[in-house]
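Coordinates as given in coords-v7.csv (CSV, C-alpha atoms):
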chain,number,residue,atom,x,y,z
A,1,MET,CA,90.1,122.7,83.7
A,2,LEU,CA,92.4,121.1,81.1
A,3,SER,CA,94.3,123.6,79.2
A,4,ARG,CA,94.6,122.1,75.8
A,5,SER,CA,96.6,125.1,74.5
A,6,LYS,CA,99.5,124.1,76.7
A,7,GLY,CA,100.1,121.0,74.6
A,8,LEU,CA,102.2,118.1,75.9
A,9,ASN,CA,103.8,118.4,79.3
A,10,LYS,CA,107.6,118.6,79.6
A,11,ARG,CA,109.0,115.3,80.8
A,12,PHE,CA,112.5,116.4,81.4
A,13,ARG,CA,113.7,119.9,82.0
A,14,PRO,CA,117.3,120.9,82.7
A,15,ALA,CA,116.6,121.3,86.4
A,16,ASP,CA,115.2,117.8,86.5
A,17,ILE,CA,118.4,116.3,85.1
A,18,PHE,CA,120.4,118.5,87.5
A,19,LEU,CA,118.3,117.3,90.5
A,20,LEU,CA,118.5,113.6,89.3
A,21,VAL,CA,122.3,113.7,88.9
A,22,PHE,CA,122.8,115.7,92.2
A,23,LEU,CA,120.7,113.3,94.3
A,24,LEU,CA,122.2,110.2,92.7
A,25,SER,CA,125.8,111.3,93.2
A,26,MET,CA,125.1,112.6,96.8
A,27,SER,CA,123.4,109.3,97.8
A,28,VAL,CA,126.0,107.0,96.2
A,29,SER,CA,128.9,109.0,97.7
A,30,GLY,CA,127.0,109.1,101.0
A,31,ILE,CA,126.7,105.3,101.0
A,32,PHE,CA,130.5,104.9,100.4
A,33,PHE,CA,131.3,107.6,102.9
A,34,ILE,CA,129.2,106.0,105.7
A,35,LYS,CA,130.8,102.6,104.9
A,36,GLU,CA,134.2,104.2,105.5
A,37,VAL,CA,133.3,106.1,108.6
A,38,MET,CA,131.2,103.3,110.1
A,39,PRO,CA,132.5,102.3,113.5
A,40,LYS,CA,134.5,99.1,113.7
A,41,SER,CA,133.2,96.6,116.2
A,42,THR,CA,135.4,96.0,119.2
A,43,ASN,CA,133.2,93.7,121.4
A,44,VAL,CA,131.1,90.6,121.0
A,45,ILE,CA,128.0,90.9,123.0
A,46,ILE,CA,126.1,87.7,123.8
A,47,GLU,CA,122.5,88.0,124.9
A,48,VAL,CA,120.4,85.1,126.2
A,49,ASP,CA,116.6,85.7,126.3
A,50,GLY,CA,117.1,89.4,125.8
A,51,LYS,CA,119.5,89.8,128.7
A,52,GLN,CA,123.2,90.5,128.2
A,53,ARG,CA,125.4,87.7,129.5
A,54,TYR,CA,128.8,88.1,128.0
A,55,SER,CA,130.9,90.9,126.5
A,56,LEU,CA,134.0,89.5,124.9
A,57,PRO,CA,136.8,91.5,123.3
A,58,LEU,CA,137.0,90.9,119.6
A,59,GLY,CA,140.8,91.2,119.7
A,60,THR,CA,141.2,88.2,121.9
A,61,ASP,CA,140.6,84.7,120.7
A,62,SER,CA,138.2,82.8,122.9
A,63,VAL,CA,135.7,79.9,123.0
A,64,THR,CA,132.7,80.4,125.2
A,65,GLU,CA,129.9,78.0,126.1
A,66,VAL,CA,126.6,79.8,126.5
A,67,LYS,CA,123.7,78.2,128.2
A,68,GLY,CA,120.4,78.7,126.4
A,69,PRO,CA,116.9,77.2,127.1
A,70,GLU,CA,117.5,74.4,124.6
A,71,GLY,CA,121.1,73.7,125.7
A,72,PRO,CA,124.6,74.9,125.2
A,73,THR,CA,125.7,77.0,122.3
A,74,ILE,CA,129.4,77.4,121.7
A,75,VAL,CA,130.7,80.8,120.4
A,76,GLU,CA,134.2,81.1,119.1
A,77,VAL,CA,136.1,84.4,118.6
A,78,LYS,CA,139.1,84.3,116.4
A,79,ASN,CA,141.0,86.8,114.3
A,80,GLY,CA,138.5,89.6,114.9
A,81,LYS,CA,135.6,87.4,113.7
A,82,VAL,CA,133.0,85.4,115.5
A,83,ARG,CA,131.1,82.2,114.8
A,84,VAL,CA,128.8,79.6,116.5
A,85,THR,CA,130.5,76.2,116.3
A,86,GLU,CA,127.9,74.1,118.0
A,87,SER,CA,124.3,74.7,119.2
A,88,GLU,CA,121.5,72.7,120.6
A,89,CYS,CA,118.9,73.9,118.1
A,90,PRO,CA,117.0,72.2,115.3
A,91,GLY,CA,117.9,74.2,112.3
A,92,LYS,CA,121.5,75.0,113.0
A,93,ILE,CA,121.1,78.2,111.1
A,94,CYS,CA,123.5,80.0,113.5
A,95,VAL,CA,126.2,77.4,112.8
A,96,LYS,CA,125.7,77.6,109.1
A,97,GLN,CA,126.1,81.4,109.1
A,98,GLY,CA,129.8,80.9,109.7
A,99,TRP,CA,132.3,83.6,110.5
A,100,VAL,CA,130.9,87.1,111.0
A,101,ASP,CA,132.7,90.4,111.4
A,102,ARG,CA,129.6,92.7,111.4
A,103,GLY,CA,126.0,92.5,112.3
A,104,ALA,CA,124.8,89.6,114.4
A,105,ILE,CA,124.2,85.9,114.6
A,106,ILE,CA,120.8,85.1,116.0
A,107,CYS,CA,119.7,81.7,117.2
A,108,ILE,CA,115.9,82.0,117.7
A,109,PRO,CA,115.2,78.5,119.1
A,110,ASN,CA,117.9,78.8,121.8
A,111,ARG,CA,117.1,82.5,122.3
A,112,ILE,CA,120.7,83.6,121.9
A,113,ILE,CA,121.9,86.7,120.1
A,114,VAL,CA,125.6,87.1,119.3
A,115,ARG,CA,126.1,90.7,118.1
A,116,LEU,CA,129.1,92.9,117.3
A,117,ASP,CA,128.9,96.0,119.4
A,118,ALA,CA,129.7,99.1,117.5
A,119,GLU,CA,132.0,101.7,119.1
A,120,TYR,CA,132.6,105.0,117.5
A,121,SER,CA,136.1,105.6,116.3
A,122,ASP,CA,136.3,108.9,118.1
A,123,LYS,CA,136.3,107.0,121.4
A,124,GLU,CA,139.4,105.1,120.5
A,125,LEU,CA,141.8,107.8,119.5
A,126,ASP,CA,145.4,106.8,119.1
A,127,ALA,CA,146.7,110.2,120.2
A,128,VAL,CA,145.6,113.7,121.0
A,129,THR,CA,147.7,116.7,120.1
A,130,GLU,CA,147.1,119.9,122.1
B,131,MET,CA,81.5,121.1,87.8
B,132,PRO,CA,82.2,120.1,91.4
B,133,SER,CA,80.5,116.7,90.9
B,134,GLN,CA,82.7,116.1,87.9
B,135,ASN,CA,85.7,116.9,90.0
B,136,ASN,CA,84.6,114.5,92.8
B,137,LEU,CA,84.0,111.8,90.2
B,138,ARG,CA,87.6,112.2,89.0
B,139,ILE,CA,89.0,112.2,92.5
B,140,ALA,CA,87.1,109.1,93.4
B,141,LEU,CA,88.2,107.3,90.2
B,142,LEU,CA,91.8,108.3,90.5
B,143,ALA,CA,91.8,107.4,94.3
B,144,ALA,CA,90.5,104.0,93.3
B,145,TYR,CA,93.4,103.6,90.8
B,146,ALA,CA,95.8,104.7,93.5
B,147,ILE,CA,94.5,102.2,96.0
B,148,ALA,CA,94.7,99.4,93.5
B,149,LEU,CA,98.4,100.3,92.7
B,150,HIS,CA,99.1,100.7,96.4
B,151,ALA,CA,97.7,97.2,97.1
B,152,PHE,CA,99.3,95.7,93.9
B,153,GLU,CA,102.8,96.9,94.7
B,154,LYS,CA,102.7,95.0,98.0
B,155,LEU,CA,102.7,91.8,96.0
B,156,ILE,CA,105.9,92.7,94.2
B,157,PRO,CA,108.9,91.2,96.0
B,158,THR,CA,111.7,93.6,96.7
B,159,PRO,CA,115.3,93.0,97.9
B,160,LEU,CA,114.6,95.0,101.0
B,161,PRO,CA,111.3,94.3,102.8
B,162,TRP,CA,110.4,98.0,103.4
B,163,MET,CA,111.3,99.1,99.9
B,164,ARG,CA,108.4,100.2,97.8
B,165,PHE,CA,108.1,101.6,94.3
B,166,GLY,CA,105.5,104.3,95.3
B,167,LEU,CA,103.4,103.5,92.2
B,168,ALA,CA,100.4,105.3,93.7
B,169,ASN,CA,102.4,108.5,93.4
B,170,ILE,CA,101.9,108.2,89.6
B,171,ILE,CA,98.2,108.9,90.2
B,172,THR,CA,98.8,111.6,92.8
B,173,LEU,CA,101.2,113.5,90.5
B,174,THR,CA,98.9,113.2,87.5
B,175,ALA,CA,96.0,114.5,89.5
B,176,LEU,CA,98.1,117.3,90.9
B,177,VAL,CA,99.2,118.5,87.5
B,178,LEU,CA,95.9,118.1,85.8
B,179,TYR,CA,93.3,119.0,88.5
B,180,GLY,CA,95.3,120.9,91.2
B,181,PHE,CA,96.3,120.6,94.9
B,182,ARG,CA,92.9,119.7,96.3
B,183,ALA,CA,92.5,116.7,94.0
B,184,GLY,CA,96.1,115.4,94.6
B,185,MET,CA,95.8,115.8,98.4
B,186,MET,CA,92.3,114.1,98.5
B,187,ILE,CA,93.7,111.2,96.6
B,188,THR,CA,96.6,110.8,98.9
B,189,VAL,CA,94.5,110.9,102.0
B,190,ILE,CA,91.9,108.5,100.6
B,191,ARG,CA,94.6,106.1,99.3
B,192,VAL,CA,96.5,106.0,102.6
B,193,THR,CA,93.4,105.6,104.7
B,194,VAL,CA,91.6,103.0,102.6
B,195,GLY,CA,94.8,101.3,101.8
B,196,SER,CA,95.4,100.8,105.5
B,197,PHE,CA,92.0,99.3,105.9
B,198,LEU,CA,92.9,96.7,103.3
B,199,THR,CA,96.2,95.8,105.0
B,200,GLY,CA,94.8,96.1,108.5
B,201,THR,CA,97.3,98.8,109.6
B,202,PHE,CA,94.9,101.7,110.2
B,203,LEU,CA,96.3,104.0,112.9
B,204,GLY,CA,99.3,101.7,113.4
B,205,PRO,CA,103.0,102.7,113.0
B,206,ALA,CA,103.0,101.9,109.2
B,207,PHE,CA,99.9,104.1,108.8
B,208,LEU,CA,101.5,107.0,110.7
B,209,LEU,CA,104.6,106.7,108.4
B,210,SER,CA,102.7,106.6,105.1
B,211,PHE,CA,100.1,109.2,106.2
B,212,GLY,CA,102.7,111.8,107.2
B,213,ALA,CA,105.0,111.1,104.3
B,214,GLY,CA,102.1,111.1,101.8
B,215,VAL,CA,100.8,114.5,103.0
B,216,VAL,CA,104.2,116.1,103.1
B,217,SER,CA,105.3,114.8,99.7
B,218,THR,CA,102.0,115.8,98.1
B,219,SER,CA,102.4,119.3,99.5
B,220,ALA,CA,106.0,119.5,98.3
B,221,MET,CA,104.9,118.5,94.8
B,222,ALA,CA,102.0,120.9,94.8
B,223,LEU,CA,104.2,123.8,95.9
B,224,THR,CA,106.6,122.9,93.1
B,225,VAL,CA,103.8,122.8,90.5
B,226,ARG,CA,102.5,126.1,91.8
B,227,TYR,CA,105.6,128.2,92.3
B,228,LEU,CA,108.2,126.6,90.1
B,229,PRO,CA,106.2,125.4,87.1
B,230,ARG,CA,108.7,126.4,84.5
B,231,LEU,CA,111.8,125.1,86.4
B,232,PHE,CA,110.9,121.5,86.9
B,233,GLY,CA,109.2,119.0,84.5
B,234,THR,CA,107.0,116.1,85.5
B,235,VAL,CA,110.0,113.9,86.3
B,236,GLY,CA,111.6,116.5,88.5
B,237,ILE,CA,108.4,117.0,90.5
B,238,SER,CA,108.1,113.2,90.9
B,239,ILE,CA,111.7,113.1,92.2
B,240,ILE,CA,110.9,115.9,94.6
B,241,GLY,CA,107.9,114.0,95.8
B,242,ALA,CA,109.9,110.9,96.4
B,243,LEU,CA,112.7,112.8,98.2
B,244,PHE,CA,110.2,114.5,100.6
B,245,HIS,CA,108.4,111.2,101.1
B,246,ASN,CA,111.6,109.5,102.2
B,247,LEU,CA,112.8,112.4,104.3
B,248,THR,CA,109.5,112.6,106.1
B,249,GLN,CA,109.5,108.8,106.8
B,250,LEU,CA,113.0,109.0,108.2
B,251,MET,CA,112.0,111.9,110.4
B,252,ILE,CA,108.9,110.3,111.7
B,253,ALA,CA,110.7,107.0,112.2
B,254,TYR,CA,113.4,108.8,114.1
B,255,LEU,CA,111.1,110.9,116.3
B,256,VAL,CA,108.6,108.1,117.1
B,257,PHE,CA,110.2,104.7,116.7
B,258,ILE,CA,114.0,104.4,116.4
B,259,LYS,CA,115.3,107.5,118.3
B,260,ARG,CA,118.8,106.5,117.2
B,261,ILE,CA,120.3,109.1,114.8
B,262,GLU,CA,123.0,106.7,113.5
B,263,VAL,CA,120.3,104.4,112.1
B,264,VAL,CA,118.8,107.4,110.3
B,265,ILE,CA,122.1,108.5,108.9
B,266,ILE,CA,122.9,105.0,107.6
B,267,LEU,CA,119.5,104.6,106.0
B,268,SER,CA,119.1,108.0,104.5
B,269,PRO,CA,121.5,107.7,101.4
B,270,VAL,CA,120.1,104.3,100.6
B,271,LEU,CA,116.5,105.5,100.8
B,272,ILE,CA,117.3,108.7,98.8
B,273,LEU,CA,119.1,106.6,96.1
B,274,ILE,CA,116.1,104.2,95.7
B,275,GLY,CA,113.6,107.0,95.9
B,276,THR,CA,115.4,109.0,93.2
B,277,VAL,CA,115.4,106.0,90.8
B,278,THR,CA,111.8,105.0,91.4
B,279,GLY,CA,110.8,108.7,91.4
B,280,THR,CA,112.3,109.1,87.9
B,281,LEU,CA,110.5,106.0,86.6
B,282,ASN,CA,107.1,107.1,88.2
B,283,GLY,CA,107.6,110.6,86.8
B,284,LEU,CA,108.0,109.2,83.3
B,285,VAL,CA,104.9,107.1,83.6
B,286,SER,CA,103.0,110.0,85.1
B,287,SER,CA,104.1,112.3,82.3
B,288,MET,CA,102.9,109.8,79.6
B,289,LEU,CA,99.6,109.5,81.5
B,290,ILE,CA,99.2,113.3,81.6
B,291,ASP,CA,99.8,113.5,77.8
B,292,GLY,CA,97.3,110.7,77.2
B,293,ILE,CA,94.6,112.2,79.3
B,294,LYS,CA,95.1,115.6,77.7
B,295,GLU,CA,95.0,114.1,74.2
B,296,SER,CA,91.8,112.2,74.9
B,297,ALA,CA,90.3,115.2,76.6
B,298,ALA,CA,91.1,117.2,73.5
B,299,GLU,CA,89.5,114.6,71.2
B,300,THR,CA,86.3,114.4,73.2
B,301,ASP,CA,86.3,118.2,73.4
B,302,GLY,CA,86.8,118.3,77.2
B,303,ALA,CA,83.9,115.9,77.9
B,304,VAL,CA,84.4,113.6,80.9
B,305,THR,CA,85.1,110.1,79.7
B,306,ALA,CA,85.4,106.9,81.6
B,307,GLU,CA,89.1,107.0,81.2
Step by step, read the file and then write its structure as structure tokens.
Amino acid sequence: MLSRSKGLNKRFRPADIFLLVFLLSMSVSGIFFIKEVMPKSTNVIIEVDGKQRYSLPLGTDSVTEVKGPEGPTIVEVKNGKVRVTESECPGKICVKQGWVDRGAIICIPNRIIVRLDAEYSDKELDAVTE
Amino acid sequence: MPSQNNLRIALLAAYAIALHAFEKLIPTPLPWMRFGLANIITLTALVLYGFRAGMMITVIRVTVGSFLTGTFLGPAFLLSFGAGVVSTSAMALTVRYLPRLFGTVGISIIGALFHNLTQLMIAYLVFIKRIEVVIILSPVLILIGTVTGTLNGLVSSMLIDGIKESAAETDGAVTAE
């Protein structure tokens, strides 16, 4: 069963160090690479009760009043960012979240989701050479 | 001899379940992030007692652990069962075919890597079905897995030495430890 003759086991072997360094560098560079390549959002999607109500361009400044079950929620788009300025909900977490340029603002009491739609950069090419 | 082996498997599986339950209490920055402490036991069993012992412990740990958390046959169970079996197999294959190349820490990292890759694959095929989510998550998971895998491997390696020493002292007799 236990081979006593073998003695203590090897904790680190050269291949272990290689594997460790390789995986660490690959994953860290992978995280940075993905951050660079990640699509920039171009649209603000507003969903009420799971249904999409609005799709606003992020490039154009706007103020939109969205009707939720609890009352109106006001969504402001400015300088490529979005925020909720007013909302008829108890916690006002959506308002406190402030300006957002990625991810989403979710107001659970008023059943409103304001999210930034991701579009891949290859769909918005500046020019194509042939 | 077989009864001795079953005793060891039962004991180690109990340790693995305890660690599995314990690590759920540790708060982590990401809710789905786990240290995989139970892998310390699986790896130790794999190195000392072979593939059958390691695999039995993984299967017992995942199944009994899911009874404790009430996730038996649920999505979380599917993820940990698949990943547990694949990562134990990957570690067993490394122990068997590349014993001189990788040390205990290396085997642990391989286990962690296969664990994460399998979870990503199952999650993609069964739940998310969106490849961009998998691509974004994979480097983060591999980074965390490599760090925790290294730490678990070090602990496991110390444990293996400790068990070997105590076995040598008691001349191979089975002790409570």
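Counting only C-alpha atoms and comparing B:Phe232, B:Phe257, B:Phe152, B:Tyr227, the residue that lies closest to Pro205 (chain B) is B:Phe257.
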* May I ask you to extract the residues of chain B within 10 Å of chain A, using all atoms listed in the file, and to give them as an MDAnalysis selection string? => chainID B and resid 131 135 177:180 230:240 243 262 265:277 279:280 283:288 290:295 297:298 301:302
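Each of B:Ala213, B:Ile261, B:Ala222, B:Met163 was checked against Ala175 (chain B) using all atoms listed in the file; the smallest atom-to-atom distance is that of B:Ala222.
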* Asked: If we count all atoms listed in the file, what is near Leu198 (chain B) at a cut-off of 9 Å, once residues fewer than 4 positions away on the same chain are taken out, given as a PyMOL selection string?
  -> chain B and resi 151+194+202
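Rounded to one decimal, CA of Thr85 (chain A) and CA of Gln97 (chain A) lie 9.9 Å from each other.
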* How many Å separate CA of Leu142 (chain B) from CA of Leu223 (chain B)? -> 20.6 Å
For Lys96 (chain A): contacts at 10 Å, all atoms listed in the file, fewer than 3 positions along chain excluded, given as a PDB file with C-alpha atoms, in the coordinates of the input:
ATOM      1  CA  ARG A  83     131.100  82.200 114.800  1.00  0.00           C
ATOM      2  CA  VAL A  84     128.800  79.600 116.500  1.00  0.00           C
ATOM      3  CA  THR A  85     130.500  76.200 116.300  1.00  0.00           C
ATOM      4  CA  GLU A  86     127.900  74.100 118.000  1.00  0.00           C
ATOM      5  CA  GLY A  91     117.900  74.200 112.300  1.00  0.00           C
ATOM      6  CA  LYS A  92     121.500  75.000 113.000  1.00  0.00           C
ATOM      7  CA  ILE A  93     121.100  78.200 111.100  1.00  0.00           C
ATOM      8  CA  TRP A  99     132.300  83.600 110.500  1.00  0.00           C
TER       9      TRP A  99
END
Since the input lacks atoms, please generate N, CA and C atoms for region 239-259 of chain B and provide them as a compact mmCIF listing (two decimals), keeping the file's coordinate frame.
# COMPACT_ATOMS: atom_id res chain seq x y z
N ILE B 239 110.53 113.34 91.40
CA ILE B 239 111.70 113.10 92.20
C ILE B 239 111.61 113.89 93.54
N ILE B 240 111.12 115.13 93.44
CA ILE B 240 110.90 115.90 94.60
C ILE B 240 109.95 115.27 95.60
N GLY B 241 108.86 114.73 95.03
CA GLY B 241 107.90 114.00 95.80
C GLY B 241 108.50 112.82 96.56
N ALA B 242 109.29 112.04 95.81
CA ALA B 242 109.90 110.90 96.40
C ALA B 242 110.91 111.25 97.48
N LEU B 243 111.67 112.32 97.23
CA LEU B 243 112.70 112.80 98.20
C LEU B 243 111.98 113.20 99.51
N PHE B 244 110.91 114.02 99.39
CA PHE B 244 110.20 114.50 100.60
C PHE B 244 109.52 113.32 101.30
N HIS B 245 109.05 112.35 100.52
CA HIS B 245 108.40 111.20 101.10
C HIS B 245 109.42 110.44 102.01
N ASN B 246 110.61 110.20 101.46
CA ASN B 246 111.60 109.50 102.20
C ASN B 246 112.12 110.26 103.42
N LEU B 247 112.34 111.57 103.23
CA LEU B 247 112.80 112.40 104.30
C LEU B 247 111.81 112.43 105.47
N THR B 248 110.53 112.55 105.11
CA THR B 248 109.50 112.60 106.10
C THR B 248 109.42 111.26 106.89
N GLN B 249 109.50 110.15 106.13
CA GLN B 249 109.50 108.80 106.80
C GLN B 249 110.62 108.67 107.76
N LEU B 250 111.81 109.09 107.32
CA LEU B 250 113.00 109.00 108.20
C LEU B 250 112.77 109.82 109.45
N MET B 251 112.21 111.03 109.28
CA MET B 251 112.00 111.90 110.40
C MET B 251 111.01 111.36 111.40
N ILE B 252 109.88 110.88 110.86
CA ILE B 252 108.90 110.30 111.70
C ILE B 252 109.42 109.05 112.43
N ALA B 253 110.13 108.22 111.65
CA ALA B 253 110.70 107.00 112.20
C ALA B 253 111.68 107.34 113.33
N TYR B 254 112.48 108.38 113.11
CA TYR B 254 113.40 108.80 114.10
C TYR B 254 112.74 109.30 115.38
N LEU B 255 111.77 110.21 115.18
CA LEU B 255 111.10 110.90 116.30
C LEU B 255 110.24 109.89 117.11
N VAL B 256 109.57 108.97 116.42
CA VAL B 256 108.60 108.10 117.10
C VAL B 256 109.08 106.76 117.41
N PHE B 257 109.89 106.17 116.50
CA PHE B 257 110.20 104.70 116.70
C PHE B 257 111.67 104.46 117.04
N ILE B 258 112.59 104.89 116.22
CA ILE B 258 114.00 104.40 116.40
C ILE B 258 114.70 105.22 117.47
N LYS B 259 114.61 106.54 117.35
CA LYS B 259 115.30 107.50 118.30
C LYS B 259 116.78 107.26 118.32
